[in-house]
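All remarks here apply to the structure that follows.
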Amino acid sequence: MIKHIRIDDRRFPLAPGAGSDAIHKDPVYSYAVTNLVDDSGIVGVGLAFTLGEGNDLVCKAASFYAQQLEGRDIEEVMSDFGKLSKALSNEQQFRWLGPHKGVVQLALASVTNACFDLWAKKRGLPLWKLLTTLTPEEVVATLDLSYMDDELTAEQAKAMLRAQQENTNGRMSIIQNGYPGYDTSIGWFNYSDDKVKENCKKAIDAGFNAVKLKVGSEDSQRDVRRAHIVREAMGDDAKIMLDANQQWTLNQALRIAEMLRPMNPYWIEEPTHPDDVFAHKVLAEAIAPMKLALGEHVPNRLIFKNYLQAKCAGFIQVDAVRVGGVSEFITVSLLAKKYGVPVVPHVGDMGQLHQHLVLFNHISMGHEALFLEHIPHLQKHFVHPVNVKNGVYETPQEPGSSCDLIG
């Protein structure tokens, strides 16, 4: 039984230049942390990610949601979590502040992720293993599929999961082999050209063959120059992603994407405002076969549904610490699977939680094990930090979702 709750406002200043992009020049990586303490002393830990200011607002909203769980048994909670999630996200006064976006959605993510962490710890399993051992019926019971029936009903979701069960064992080799990663820290926006070049060499030495560069400069020639620096340093076979962090208008994106085409980007990420689905559709059609990666700032399954319906997302970057937590992440992954679009999460959690979720996506849903973003800046703050060796995430074995913070 969940005996009491604690909400922590944790903030971690970064080294100069680290984490910077075209929009967010001076981030403070921060978490609204939900702790659900049960009567046996086990603590379920859930994260929502912010960049500092306003983290306290998310904490306050998370406290409101978490209080609804006091006195309840986690197994009972998770047996029909989809219904509970729907009720919490549609609480009339909080819903007015969203709906299903912003502070209240981030708060729901924190509480939801704590529930999944507590569930896995109570069963003594790492979250990936718990999720992969659930039946399709048990998985779908954790999902809120409201507003999804035009694309994904509960029965369709169950059928999709059942259809993958025949080949599940064949995909279990990922547990021994590890999940591939890509280095997103070689090219933060405020890093000098020389530092970007130096970081590319470090990435190669660390076993990475895929990296990401921040673009979106006022002078687009700076972006072009730096993109070619990375291509030259990494070689022709490397996958190089370019991330504009919403900086461009549609017309700017159309122009600058063509300027970047010669260096052969693997994707262009967040080129313009994340709510403008139609602009992304126009852009995707114009720059094909280059692809767009979308989702870091997409707050809920409905907007992801629209992006998939518009057929403009080459890669889905759903983040379980921005949408309504693990359950909504799974819903979006099912939608993406239906459309045949790879899921490559943004990792506001620094990969701690998502290393579990991509294993579930691959093993139980049949998603390609493409790669997972790796950001190392907060490793020293986690009790069980991700372990990336030779460019590969080693499979976590500790019970839970790897989100416990030190102190």
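Please note that chains go A, B, ... in the order of the structure tokens, that every chain numbers its residues from 1, and that ligands are numbered from 1 in the order shown.
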(Q) Please list as a list of chain:residue names every residue within 9 Å of Gln397 of chain A, counting only C-alpha atoms and excluding residues in the same chain fewer than 5 positions away. (A)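 Skipping anything fewer than 5 positions along the chain leaves A:Leu125, A:Pro126, A:Lys129.
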Expected file contents, prior selection, N, CA and C atoms, as a PDB file, in the first residue's frame:
```
ATOM      1  N   LEU A 125      11.762  -6.707 -10.420  1.00  0.00           N
ATOM      2  CA  LEU A 125      12.167  -6.819 -11.818  1.00  0.00           C
ATOM      3  C   LEU A 125      12.596  -5.463 -12.372  1.00  0.00           C
ATOM      4  N   PRO A 126      13.594  -5.465 -13.280  1.00  0.00           N
ATOM      5  CA  PRO A 126      13.816  -4.236 -14.038  1.00  0.00           C
ATOM      6  C   PRO A 126      12.576  -3.956 -14.878  1.00  0.00           C
ATOM      7  N   LYS A 129      11.908  -5.863 -18.084  1.00  0.00           N
ATOM      8  CA  LYS A 129      11.509  -7.258 -17.937  1.00  0.00           C
ATOM      9  C   LYS A 129      10.055  -7.374 -17.515  1.00  0.00           C
TER      10      LYS A 129
END
```
Q: Skip Gln68 of chain A itself and residues of its chain fewer than 4 positions away, then list as a ChimeraX atom specification all residues within 12 Å of it, counting only C-alpha atoms.
A: /A:2-5,36,61-64,72-73,77,84-85,87-88,91,108,111-112
Write the residues of the preceding selection, restricted to C-alpha atoms, as a JSON list (two decimals), in the first residue's frame.
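Everything below was put into out_10.json:
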```json
[["chain", "number", "residue", "atom", "x", "y", "z"],
["A", 2, "ILE", "CA", 1.26, 3.50, -0.85],
["A", 3, "LYS", "CA", 1.80, 4.99, 2.59],
["A", 4, "HIS", "CA", 2.98, 8.49, 1.78],
["A", 5, "ILE", "CA", 4.37, 10.65, -1.03],
["A", 36, "LEU", "CA", 5.74, 6.95, -3.79],
["A", 61, "ALA", "CA", 0.87, 19.77, -9.76],
["A", 62, "ALA", "CA", 2.52, 16.38, -9.24],
["A", 63, "SER", "CA", 1.68, 16.58, -5.55],
["A", 64, "PHE", "CA", -1.98, 17.04, -6.42],
["A", 72, "ARG", "CA", -3.85, 2.29, -2.57],
["A", 73, "ASP", "CA", -2.01, -0.90, -3.44],
["A", 77, "VAL", "CA", -3.52, 0.68, -9.26],
["A", 84, "LEU", "CA", -6.92, 5.98, -13.51],
["A", 85, "SER", "CA", -4.72, 7.92, -15.93],
["A", 87, "ALA", "CA", -9.44, 10.21, -14.63],
["A", 88, "LEU", "CA", -6.38, 12.13, -13.41],
["A", 91, "GLU", "CA", -9.79, 16.18, -13.51],
["A", 108, "LEU", "CA", 1.18, 13.45, -14.69],
["A", 111, "VAL", "CA", 3.46, 10.47, -11.06],
["A", 112, "THR", "CA", 2.82, 7.88, -13.77]]
```
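Excluding Leu131 of chain A itself and any same-chain residue fewer than 2 positions from it, the protein and nucleic acid residues within 9 Å of it, counting only C-alpha atoms, are Ala120, Pro126, Leu127, Trp128, Lys129, Thr133, Leu134, Thr135, Val139, His356, Leu357, Phe360 and Ser364 of chain A.
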Q | Long-range neighbours of Ile268 of chain A as a PyMOL selection string, 8 Å cut-off, only C-alpha atoms, 2 positions minimum in chain | A | chain A and resi 241-244+257+265-266+270-271+290-293
Q. Of the candidates A:Ala15, A:Leu106, A:Leu152, A:Ile303, which one gets nearest to Val58 of chain A if we count only C-alpha atoms?
A.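 Between A:Ala15, A:Leu106, A:Leu152, A:Ile303, the residue approaching Val58 of chain A most closely is A:Leu106.
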(Q) Measuring between only C-alpha atoms, which one of A:Ala206, A:Met172, A:Ala114, A:Val344 shows the shortest distance to Ile186 of chain A? (A) A:Ala206
Q: Write out as a PyMOL selection string which residues come within 12 Å of Leu118 of chain A when counting only C-alpha atoms, dropping same-chain ones fewer than 6 positions away.
A: chain A and resi 1-2+34-46+73-75+77-78+111-112+124-127+130+399-404
Q. Mind checking DSSP for segment 196-264 of chain A and telling me the strand (DSSP E or B) residues as a ChimeraX atom specification?
A. /A:210-214,239-243
Q | Residue among A:Ala22, A:Ala107, A:Ala279, A:Val383 lying closest to Phe49 of chain A, counting only C-alpha atoms | A |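 Closest to Phe49 of chain A, using only C-alpha atoms: A:Ala107.
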Q: Rank nothing, just name the residue among A:Val343, A:Val224, A:Ile256, A:Val332 nearest to His362 of chain A, using only C-alpha atoms.
A: A:Val343
Q: Identify which of the residues A:Leu353, A:Met148, A:Val388, A:Ala288 lies closest to Ala48 of chain A, counting only C-alpha atoms when measuring atom-to-atom distances.
A: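 For Ala48 of chain A, the nearest of the candidates is A:Leu353.
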